[in-house]
file structure.cif (mmCIF, C-alpha atoms)
data_query
loop_
_atom_site.label_atom_id
_atom_site.label_comp_id
_atom_site.auth_asym_id
_atom_site.auth_seq_id
_atom_site.Cartn_x
_atom_site.Cartn_y
_atom_site.Cartn_z
CA MET A 97 98.05 -106.10 38.46
CA LYS A 98 97.71 -106.86 42.16
CA LYS A 99 100.93 -105.04 42.94
CA ILE A 100 100.15 -101.98 40.79
CA THR A 101 100.75 -98.71 42.61
CA GLU A 102 99.05 -95.39 41.92
CA GLU A 103 102.24 -94.02 40.39
CA LYS A 104 102.49 -97.01 38.07
CA LEU A 105 98.86 -96.71 37.12
CA GLU A 106 99.37 -93.03 36.36
CA GLN A 107 102.38 -93.94 34.26
CA LYS A 108 100.37 -96.63 32.42
CA LEU A 109 97.58 -94.16 31.65
CA LYS A 110 100.09 -91.67 30.25
CA THR A 111 101.55 -94.42 28.05
CA LEU A 112 98.11 -95.40 26.82
CA ALA A 113 97.44 -91.76 25.99
CA GLY A 114 100.30 -92.03 23.49
CA GLU A 115 98.11 -94.12 21.21
CA ALA A 116 95.29 -91.58 21.50
CA LYS A 117 96.86 -89.15 19.07
CA PRO A 118 95.31 -88.08 15.75
CA ASN A 119 97.27 -89.18 12.69
CA LYS A 120 98.67 -86.59 10.28
CA ASN A 121 96.32 -87.45 7.42
CA PHE A 122 93.30 -87.02 9.63
CA GLU A 123 94.68 -83.71 10.90
CA LYS A 124 95.17 -82.38 7.35
CA ALA A 125 91.83 -83.65 6.03
CA LEU A 126 89.96 -82.15 8.96
CA LEU A 127 91.74 -78.81 8.56
CA THR A 128 90.59 -78.67 4.91
CA LYS A 129 87.03 -79.50 5.93
CA VAL A 130 87.09 -76.91 8.70
CA LYS A 131 88.45 -74.27 6.30
CA SER A 132 85.69 -74.81 3.74
CA GLN A 133 83.11 -74.85 6.52
CA PHE A 134 84.50 -71.56 7.81
CA LYS A 135 84.17 -70.02 4.34
CA ALA A 136 80.63 -71.33 3.95
CA THR A 137 79.58 -70.01 7.34
CA HIS A 138 81.39 -66.72 7.75
CA ASN A 139 82.65 -65.40 4.38
CA HIS A 140 79.36 -64.12 3.01
CA SER A 141 78.98 -61.55 0.29
CA PHE A 142 76.74 -58.54 0.89
CA TRP A 143 73.77 -60.22 -0.80
CA GLN A 144 74.27 -63.45 1.13
CA ASN A 145 74.32 -61.46 4.36
CA PHE A 146 71.27 -59.59 3.17
CA SER A 147 69.38 -62.84 2.49
CA ASN A 148 70.08 -63.95 6.07
CA PHE A 149 68.33 -60.84 7.35
CA LYS A 150 65.53 -60.70 4.78
CA VAL A 151 62.85 -61.63 7.33
CA GLN A 152 64.01 -58.91 9.71
CA PHE A 153 64.33 -56.51 6.76
CA ALA A 154 60.82 -57.30 5.52
CA GLY A 155 59.49 -56.84 9.07
CA THR A 156 61.21 -53.48 9.41
CA VAL A 157 59.90 -52.32 6.02
CA ALA A 158 56.37 -53.44 6.96
CA ILE A 159 56.53 -51.61 10.31
CA LEU A 160 57.93 -48.49 8.60
CA ALA A 161 55.23 -48.62 5.92
CA LEU A 162 52.55 -48.99 8.60
CA ALA A 163 53.99 -46.09 10.59
CA ILE A 164 54.21 -43.84 7.51
CA THR A 165 50.67 -44.73 6.39
CA THR A 166 49.26 -44.17 9.85
CA ASN A 167 51.09 -40.85 10.17
CA TYR A 168 49.83 -39.77 6.73
CA ALA A 169 46.25 -40.73 7.60
CA TYR A 170 46.47 -39.05 11.00
CA GLN A 171 47.95 -35.79 9.74
CA ASN A 172 45.92 -35.43 6.57
CA ASP A 173 42.54 -33.63 6.70
CA SER A 174 41.64 -35.00 3.29
CA VAL A 175 41.37 -38.50 4.79
CA VAL A 176 37.63 -38.41 5.36
CA PRO A 177 34.80 -40.92 5.92
CA GLY A 178 34.54 -43.25 2.93
CA LYS A 179 38.28 -43.22 2.25
CA ILE A 180 40.25 -46.40 2.79
CA LEU A 181 42.60 -44.81 5.35
CA TYR A 182 39.84 -43.27 7.48
CA PRO A 183 39.60 -46.25 9.89
CA VAL A 184 43.39 -45.99 10.31
CA LYS A 185 43.00 -42.33 11.20
CA ARG A 186 40.32 -43.10 13.79
CA GLY A 187 42.49 -45.88 15.19
CA ALA A 188 45.42 -43.47 15.53
CA GLU A 189 43.13 -41.02 17.34
CA LYS A 190 42.21 -43.79 19.78
CA VAL A 191 45.88 -44.41 20.45
CA GLU A 192 46.38 -40.66 20.87
CA ALA A 193 43.59 -40.66 23.48
CA ILE A 194 45.48 -43.31 25.47
CA PHE A 195 48.60 -41.15 25.61
CA ILE A 196 46.94 -37.83 26.47
CA PRO A 197 49.07 -36.23 29.17
CA GLU A 198 47.68 -35.72 32.63
CA GLY A 199 46.33 -32.24 33.27
CA LEU A 200 44.72 -31.71 29.87
CA PRO A 201 41.04 -30.79 30.32
CA LYS A 202 38.41 -32.97 28.66
CA SER A 203 36.97 -29.95 26.91
CA ASP A 204 40.33 -29.47 25.19
CA TYR A 205 40.22 -33.01 23.86
CA TYR A 206 36.63 -32.65 22.58
CA LEU A 207 37.56 -29.38 20.95
CA ASP A 208 40.60 -30.89 19.24
CA MET A 209 38.45 -33.65 17.80
CA ALA A 210 35.75 -31.15 16.75
CA GLU A 211 38.36 -29.04 14.94
CA ARG A 212 39.65 -32.14 13.15
CA ARG A 213 36.14 -33.10 12.02
CA THR A 214 35.50 -29.50 10.85
CA GLU A 215 38.64 -29.59 8.72
CA GLU A 216 37.50 -32.91 7.26
CA LEU A 217 34.17 -31.34 6.23
CA LYS A 218 35.99 -29.26 3.62
CA TYR A 219 36.90 -32.47 1.77
CA ILE A 220 33.63 -34.41 2.05
CA LYS A 221 31.48 -34.31 -1.07
CA GLU A 222 28.89 -36.94 -0.26
CA ASP A 223 25.82 -35.50 1.47
CA ALA A 224 25.17 -38.36 3.90
CA LYS A 225 28.77 -38.48 5.07
CA PHE A 226 28.90 -34.68 5.33
CA GLU A 227 25.80 -34.71 7.53
CA GLU A 228 27.22 -37.50 9.64
CA THR A 229 30.50 -35.69 10.24
CA ALA A 230 28.80 -32.33 10.78
CA ASN A 231 26.53 -33.90 13.42
CA GLU A 232 29.49 -35.50 15.12
CA THR A 233 31.30 -32.15 15.14
CA ARG A 234 28.29 -30.45 16.65
CA LYS A 235 28.04 -33.05 19.39
CA LEU A 236 31.73 -32.72 20.14
CA LEU A 237 31.38 -28.95 20.40
CA ASP A 238 28.36 -29.35 22.68
CA LEU A 239 30.35 -31.70 24.88
CA ALA A 240 33.28 -29.28 24.95
CA LYS A 241 30.93 -26.46 25.95
CA GLU A 242 29.29 -28.57 28.65
CA GLU A 243 32.66 -29.57 30.01
CA LEU A 244 33.82 -25.99 30.03
CA ALA A 245 30.69 -24.77 31.77
CA GLU A 246 30.31 -27.55 34.31
CA THR A 247 33.75 -28.91 35.03
CA GLU A 248 36.54 -27.27 36.92
CA PRO A 249 39.33 -26.29 34.51
CA ALA A 250 41.91 -28.15 36.60
CA GLU A 251 40.07 -31.41 36.15
CA THR A 252 41.78 -33.92 33.99
CA TYR A 253 40.92 -37.06 32.10
CA ASN A 254 42.51 -39.06 34.79
CA ASN A 255 40.68 -37.82 37.82
CA GLY A 256 37.30 -37.89 36.12
CA SER A 257 35.00 -40.88 36.06
CA THR A 258 35.86 -41.66 32.47
CA SER A 259 39.37 -42.28 31.16
CA ALA A 260 40.62 -40.99 27.80
CA PRO A 261 40.53 -44.42 26.12
CA ALA A 262 37.01 -44.92 27.45
CA MET A 263 36.06 -41.62 25.85
CA MET A 264 37.40 -42.87 22.56
CA MET A 265 35.26 -45.96 22.91
CA GLU A 266 32.28 -43.69 23.42
CA MET A 267 33.30 -41.72 20.36
CA ASP A 268 33.33 -44.97 18.42
CA SER A 269 29.82 -45.80 19.47
CA GLU A 270 28.88 -42.26 18.52
CA ALA A 271 30.28 -42.79 15.06
CA SER A 272 28.27 -45.95 14.62
CA LEU A 273 25.13 -44.19 15.72
CA ALA A 274 25.78 -41.21 13.53
CA ASP A 275 23.72 -42.59 10.68
CA SER A 276 20.58 -41.96 12.63
CA ALA A 277 21.87 -38.53 13.61
CA ASP A 278 20.23 -38.95 16.97
CA GLU A 279 20.56 -35.97 19.30
CA ASP A 280 21.01 -38.26 22.31
CA ASP A 281 24.24 -39.75 20.96
CA TYR A 282 26.37 -37.94 23.47
CA ALA A 283 23.90 -38.23 26.34
CA ASP A 284 26.17 -40.64 28.18
CA GLU A 285 29.05 -38.24 27.90
CA ALA A 286 26.91 -35.47 29.29
CA ASP A 287 25.92 -37.75 32.18
CA TYR A 288 29.46 -38.41 33.21
CA ALA A 289 30.23 -34.72 32.83
CA GLU A 290 27.57 -34.07 35.52
CA GLU A 291 29.07 -36.73 37.74
CA ASP A 292 32.45 -35.10 37.33
CA ASP A 293 30.98 -31.81 38.29
CA GLU A 294 29.62 -33.25 41.54
CA SER A 295 32.90 -34.88 42.41
CA SER A 296 34.99 -31.81 41.72
CA SER A 297 32.94 -28.92 43.11
CA GLY A 298 34.42 -26.60 45.68
CA THR A 299 37.78 -25.73 44.12
CA GLU A 300 38.59 -22.17 43.08
CA GLU A 301 39.74 -21.11 39.65
CA SER A 302 43.10 -19.42 39.34
CA ASP A 303 43.82 -16.56 36.91
CA SER A 304 45.57 -18.85 34.48
CA ASP A 305 42.63 -21.25 34.55
CA ILE A 306 40.32 -18.40 33.64
CA SER A 307 42.52 -17.35 30.75
CA ASP A 308 42.68 -20.98 29.56
CA GLU A 309 38.92 -21.09 29.69
CA ALA A 310 38.69 -17.90 27.64
CA THR A 311 40.99 -19.39 25.02
CA LEU A 312 38.90 -22.52 24.89
CA GLN A 313 35.75 -20.45 24.48
CA ASP A 314 37.37 -18.59 21.62
CA ARG A 315 38.32 -21.85 20.02
CA ILE A 316 34.79 -23.20 20.42
CA GLN A 317 33.40 -20.06 18.77
CA ASN A 318 35.88 -20.34 15.94
CA ALA A 319 35.09 -24.02 15.45
CA GLU A 320 31.36 -23.27 15.39
CA SER A 321 31.89 -20.54 12.86
CA ASP A 322 34.08 -22.85 10.74
CA LEU A 323 31.40 -25.52 10.92
CA GLU A 324 28.76 -23.07 9.70
CA LYS A 325 31.02 -21.89 6.91
CA ALA A 326 31.72 -25.46 5.84
CA GLU A 327 28.02 -26.27 5.81
CA ALA A 328 27.25 -23.16 3.78
CA ALA A 329 30.04 -23.95 1.32
CA HIS A 330 28.80 -27.52 0.96
CA LYS A 331 25.25 -26.31 0.28
CA GLU A 332 26.49 -23.80 -2.25
CA GLU A 333 28.62 -26.43 -3.97
CA ASN A 334 25.66 -28.78 -4.16
CA THR A 335 23.52 -26.06 -5.69
CA THR A 336 26.08 -25.19 -8.37
CA ASN A 337 26.90 -28.82 -9.14
CA SER A 338 23.26 -29.99 -9.54
CA PRO A 339 21.16 -27.30 -11.28
CA THR A 340 18.67 -29.95 -12.45
CA THR A 341 17.31 -30.35 -8.93
CA ASP A 342 15.81 -26.82 -9.03
CA SER A 343 14.34 -27.06 -12.52
CA PRO A 344 12.38 -30.00 -13.85
CA ALA A 345 14.23 -32.45 -16.09
CA PRO A 346 13.63 -32.07 -19.82
CA ALA A 347 12.24 -35.58 -20.06
CA ALA A 348 9.61 -34.74 -17.43
CA GLN A 349 8.49 -31.75 -19.44
CA MET B 53 83.89 -60.97 11.53
CA PRO B 54 85.68 -64.17 12.70
CA ASN B 55 89.21 -64.72 11.46
CA PHE B 56 90.19 -68.18 10.14
CA GLN B 57 93.88 -67.77 10.97
CA GLU B 58 92.90 -67.35 14.60
CA PHE B 59 90.76 -70.48 14.44
CA GLU B 60 93.55 -72.41 12.69
CA GLU B 61 95.95 -71.55 15.51
CA TYR B 62 93.50 -72.84 18.08
CA TYR B 63 92.90 -75.94 15.93
CA LYS B 64 96.61 -76.80 15.73
CA LYS B 65 97.14 -76.15 19.43
CA HIS B 66 94.16 -78.10 20.76
CA LEU B 67 93.38 -80.84 18.22
CA ALA B 68 95.53 -83.50 19.95
CA GLU B 69 94.10 -82.60 23.36
CA VAL B 70 90.51 -82.82 22.11
CA PHE B 71 91.30 -86.04 20.24
CA GLY B 72 92.77 -87.67 23.37
CA TYR B 73 89.73 -86.67 25.38
CA VAL B 74 87.28 -87.92 22.76
CA TYR B 75 89.29 -91.14 22.20
CA LEU B 76 88.92 -92.14 25.83
CA ARG B 77 85.32 -91.00 26.05
CA SER B 78 84.42 -92.90 22.88
CA ARG B 79 85.69 -96.15 24.43
CA GLN B 80 88.95 -96.18 22.51
CA ASN B 81 87.26 -96.54 19.13
CA ARG B 82 89.59 -94.62 16.79
CA GLN B 83 87.16 -94.43 13.87
CA LEU B 84 84.39 -93.15 16.12
CA ALA B 85 86.81 -90.71 17.79
CA GLU B 86 87.80 -89.30 14.38
CA ASP B 87 84.15 -88.86 13.37
CA LEU B 88 83.27 -87.19 16.65
CA VAL B 89 86.33 -84.89 16.60
CA SER B 90 85.47 -83.83 13.03
CA GLU B 91 81.91 -83.02 14.06
CA ILE B 92 83.12 -81.14 17.13
CA PHE B 93 85.51 -78.92 15.16
CA LEU B 94 82.95 -78.31 12.42
CA LYS B 95 80.45 -77.25 15.06
CA ALA B 96 83.12 -75.03 16.64
CA VAL B 97 84.00 -73.34 13.35
CA GLU B 98 80.32 -72.72 12.58
CA ASN B 99 79.86 -71.02 15.94
CA PHE B 100 83.27 -69.36 16.13
CA ASP B 101 81.64 -65.92 15.99
CA GLN B 102 80.06 -66.73 19.37
CA PHE B 103 83.40 -67.47 21.02
CA ASN B 104 84.50 -64.65 23.28
CA GLY B 105 88.08 -64.88 24.49
CA GLU B 106 87.31 -62.47 27.34
CA LYS B 107 84.81 -64.91 28.86
CA GLY B 108 87.22 -67.82 28.97
CA PRO B 109 89.96 -69.65 27.08
CA PHE B 110 89.32 -71.46 23.79
CA LYS B 111 90.07 -74.85 25.34
CA ALA B 112 87.23 -74.38 27.87
CA TRP B 113 84.88 -73.49 25.00
CA ILE B 114 85.89 -76.38 22.73
CA PHE B 115 85.79 -78.91 25.59
CA ARG B 116 82.27 -77.75 26.45
CA ILE B 117 81.25 -78.39 22.83
CA ALA B 118 83.05 -81.79 22.91
CA LYS B 119 81.41 -82.86 26.16
CA ASN B 120 77.90 -81.96 24.96
CA HIS B 121 78.49 -83.58 21.58
CA ILE B 122 79.63 -86.85 23.16
CA ILE B 123 76.66 -86.88 25.54
CA ASP B 124 74.29 -86.31 22.60
CA TYR B 125 76.01 -89.00 20.54
CA PHE B 126 75.77 -91.71 23.22
CA ARG B 127 72.21 -90.69 24.08
CA CYS B 128 71.21 -91.36 20.47
CA ASN B 129 73.47 -94.45 20.02
CA LYS B 130 73.18 -96.42 23.25
CA SER B 131 73.54 -99.74 21.41
CA LYS B 132 76.94 -98.68 20.07
CA GLU B 133 78.56 -98.58 23.51
CA SER B 134 81.42 -101.04 23.83
CA LYS B 135 81.72 -104.00 26.10
CA SER B 136 81.68 -103.66 29.86
CA LEU B 137 84.21 -104.88 32.41
CA GLU B 138 82.24 -108.11 32.98
CA ASP B 139 82.18 -108.81 29.25
CA LEU B 140 85.93 -108.32 29.07
CA ALA B 141 86.53 -110.63 32.04
CA ASN B 142 84.43 -113.33 30.36
CA VAL B 143 86.31 -112.94 27.10
CA LEU B 144 89.61 -113.32 28.93
CA LYS B 145 88.40 -116.48 30.78
CA ASP B 146 86.99 -118.09 27.66
CA ASN B 147 89.89 -117.37 25.39
CA LYS B 148 92.11 -120.46 25.22
CA ASP B 149 94.87 -118.47 23.54
CA THR B 150 95.06 -115.96 26.37
CA GLN B 151 98.65 -116.91 27.11
CA LYS B 152 99.62 -116.04 23.57
CA ILE B 153 98.41 -112.48 23.99
CA ALA B 154 101.18 -110.27 25.25
CA ALA B 155 100.89 -109.56 28.95
CA SER B 156 101.14 -105.81 28.42
CA ASN B 157 98.23 -105.87 25.97
CA ILE B 158 96.07 -107.65 28.52
CA GLU B 159 97.04 -105.08 31.10
CA ASN B 160 96.12 -102.26 28.73
CA GLU B 161 92.77 -103.84 27.94
CA MET B 162 92.09 -104.27 31.64
CA ILE B 163 92.93 -100.63 32.35
CA TYR B 164 90.69 -99.45 29.54
CA ALA B 165 87.89 -101.71 30.75
CA ALA B 166 88.26 -100.37 34.29
CA VAL B 167 88.24 -96.77 32.99
CA ASN B 168 85.16 -97.44 30.85
CA GLU B 169 83.33 -98.62 33.97
CA LEU B 170 83.83 -95.25 35.69
CA THR B 171 81.03 -92.71 35.85
CA GLU B 172 80.99 -90.08 33.11
CA ASP B 173 82.37 -87.24 35.27
CA LYS B 174 85.24 -89.42 36.54
CA LYS B 175 85.99 -90.62 33.03
CA GLU B 176 86.03 -86.98 31.91
CA LEU B 177 88.61 -86.09 34.54
CA ILE B 178 90.86 -89.03 33.59
CA ALA B 179 90.51 -88.07 29.92
CA MET B 180 91.56 -84.48 30.56
CA ARG B 181 94.38 -85.27 32.98
CA TYR B 182 96.03 -88.15 31.13
CA PHE B 183 94.72 -88.27 27.56
CA SER B 184 94.60 -84.52 26.89
CA GLY B 185 97.68 -84.04 29.05
CA TYR B 186 96.35 -81.14 31.09
CA THR B 187 97.65 -80.18 34.52
CA ALA B 188 95.25 -79.90 37.47
CA GLU B 189 95.29 -76.11 37.00
CA GLU B 190 94.36 -76.39 33.32
CA VAL B 191 91.54 -78.86 34.06
CA ALA B 192 90.32 -76.47 36.76
CA GLU B 193 90.27 -73.67 34.19
CA ILE B 194 88.12 -75.78 31.85
CA THR B 195 85.72 -77.23 34.41
CA GLY B 196 85.48 -74.20 36.68
CA ASP B 197 86.59 -76.24 39.68
CA THR B 198 89.64 -75.50 41.87
CA ALA B 199 93.01 -77.08 41.11
CA ASN B 200 93.15 -78.62 44.60
CA ASN B 201 89.77 -80.24 44.10
CA ILE B 202 90.93 -81.66 40.79
CA ARG B 203 94.03 -83.14 42.46
CA VAL B 204 91.94 -84.73 45.24
CA LYS B 205 89.40 -86.10 42.74
CA SER B 206 92.17 -87.50 40.51
CA HIS B 207 93.77 -89.25 43.49
CA ARG B 208 90.44 -90.86 44.47
CA ILE B 209 89.75 -91.98 40.91
CA LEU B 210 93.19 -93.58 40.66
CA GLN B 211 92.49 -95.46 43.90
CA GLU B 212 89.14 -96.60 42.55
CA LEU B 213 90.79 -97.77 39.31
CA LYS B 214 93.46 -99.63 41.28
CA ASN B 215 90.81 -101.46 43.33
CA ARG B 216 88.88 -102.39 40.18
CA LEU B 217 92.02 -103.76 38.55
CA ILE B 218 92.79 -105.86 41.66
CA GLN B 219 89.22 -107.22 41.62
CA LEU B 220 89.52 -108.02 37.94
CA ASP B 221 92.82 -109.83 38.49
CA ASP B 222 91.16 -112.03 41.13
#

call {"tool": "encode", "arguments": {"input": "structure.cif", "output": "structure tokens"}}
result
Amino acid sequence: MKKITEEKLEQKLKTLAGEAKPNKNFEKALLTKVKSQFKATHNHSFWQNFSNFKVQFAGTVAILALAITTNYAYQNDSVVPGKILYPVKRGAEKVEAIFIPEGLPKSDYYLDMAERRTEELKYIKEDAKFEETANETRKLLDLAKEELAETEPAETYNNGSTSAPAMMMEMDSEASLADSADEDDYADEADYAEEDDESSSGTEESDSDISDEATLQDRIQNAESDLEKAEAAHKEENTTNSPTTDSPAPAAQ
Amino acid sequence: MPNFQEFEEYYKKHLAEVFGYVYLRSRQNRQLAEDLVSEIFLKAVENFDQFNGEKGPFKAWIFRIAKNHIIDYFRCNKSKESKSLEDLANVLKDNKDTQKIAASNIENEMIYAAVNELTEDKKELIAMRYFSGYTAEEVAEITGDTANNIRVKSHRILQELKNRLIQLDD
């Protein structure tokens, strides 16, 4: 080994490699194993493939179901306080508030919400819940009017002191306070409206702003009229549905 | 959808090369080499849908699987590693029937012992060059190195092996 040259060593290694060959039986047996493994791994039927994706499928179905339910709750005026989907509807409104585009006046947002609540009134039978929603609608209309009167039309959610999501949070607290039907529920909102007014004074209204304002005023008037009509209809319905309240019960006689 | 005929072609073309590589890396234990090669090809067939011929040749992909599999195996089975060069030298000294063993067999054992003493990356290069039968260019394609670098490294490893064999003979 002392006299071994690099060439000889290379030659020796190549000779040794000759014994490092797989035998035919091993080659055949492994090919059979590999073939069955290939079938087990890759040749799936439709249902086998489906079972591999069942988690993803279930997830997709759940997301779709959630999206459809939320959309139904959000779009449907008959989803009113007391119904199981009402919290979903309010949640969707919160999300909507986050994505309100820049340039939309706050009064517009209040008015939209007021109109929604007015539509809901048509479907509410329970007195307490009707009152609650009617009060909320009134407060929203008041806020819309205040905004319209005190804030420059060009002002947006984003350049005011309160962001759209923050407004939704306030609306939430309003909803929780609605049971007491306190007139000061929207006091905070009115406060920030004044602050906004101070920060935005001095700009001039353009013609289009004035026409927008007129439209908003029309909408407020319409919403107020709808609210009154809904209240009248509810009263009338209550009267026709419970005649015993006007006349004494036979047992009392 | 992966095609088995395609895999079978690769299998037939590269089985001997992978076996030679694994045989040397598994310290010339044929049984162990067969087990490891089986596991490597089963792993390859399971993941054949992830093989992309545009990213590199099949041999580079299968050798990457083989290398990682061998590393994992010896990490988990340290006690199963075969005897070192010193152990072999002692065996040769102690064996009274040494003269009866054919001289060429002793030489082979000494070469294997010297190879087994190399570091893993050097052993890998020797395995690919001589036991898989790849040219410097082919090894370069698998390892991502340049062919010139492979030639220089091979030359240095052969020198190192030669020196070890001389030391062992002394």

call {"tool": "resolve_selection", "arguments": {"input": "structure.cif", "expression": "the PyMOL selection byres ((chain A and resi 215) around 10)", "output": "list of chain:residue names"}}
result
A:Asn172, A:Asp173, A:Ser174, A:Val176, A:Met209, A:Ala210, A:Glu211, A:Arg212, A:Arg213, A:Thr214, A:Glu216, A:Leu217, A:Lys218, A:Tyr219, A:Ile220, A:Ala319, A:Asp322, A:Leu323, A:Ala326

call {"tool": "atom_distance", "arguments": {"input": "structure.cif", "atom1": "CA of Ser90 (chain B)", "atom2": "CA of Leu126 (chain A)"}}
result
6.3 Å

call {"tool": "interface_residues", "arguments": {"input": "structure.cif", "of": "chain A", "to": "chain B", "cutoff": "9 Å", "atoms": "all atoms listed in the file", "output": "MDAnalysis selection string"}}
result
chainID A and resid 97:102 105:106 108:118 122:123 126:127 129:131 133:139

call {"tool": "residues_around", "arguments": {"input": "structure.cif", "residues": "Ala199 (chain B)", "least_positions_apart": "5", "cutoff": "6 Å", "atoms": "only C-alpha atoms", "output": "list in words"}}
result
Ala188, Glu189 and Ala192 of chain B

call {"tool": "atom_distance", "arguments": {"input": "structure.cif", "atom1": "CA of Ala328 (chain A)", "atom2": "CA of Glu232 (chain A)"}}
result
16.9 Å

call {"tool": "residues_near_point", "arguments": {"input": "structure.cif", "point": "(33.1, -23.9, 26.7)", "cutoff": "9 Å", "atoms": "all atoms listed in the file", "output": "count of residues only"}}
result
19

call {"tool": "resolve_selection", "arguments": {"input": "structure.cif", "expression": "the PyMOL selection byres ((chain A and resi 331) around 12)", "output": "PyMOL selection string"}}
result
chain A and resi 217-218+220-223+226-227+324-330+332-338

call {"tool": "atom_distance", "arguments": {"input": "structure.cif", "atom1": "CA of Leu181 (chain A)", "atom2": "CA of Thr166 (chain A)"}}
result
8.1 Å

call {"tool": "closest_residue", "arguments": {"input": "structure.cif", "among": "B:Lys205, B:His66, B:Lys130, B:Lys174", "to": "Ala118 (chain B)", "atoms": "all atoms listed in the file"}}
result
B:His66
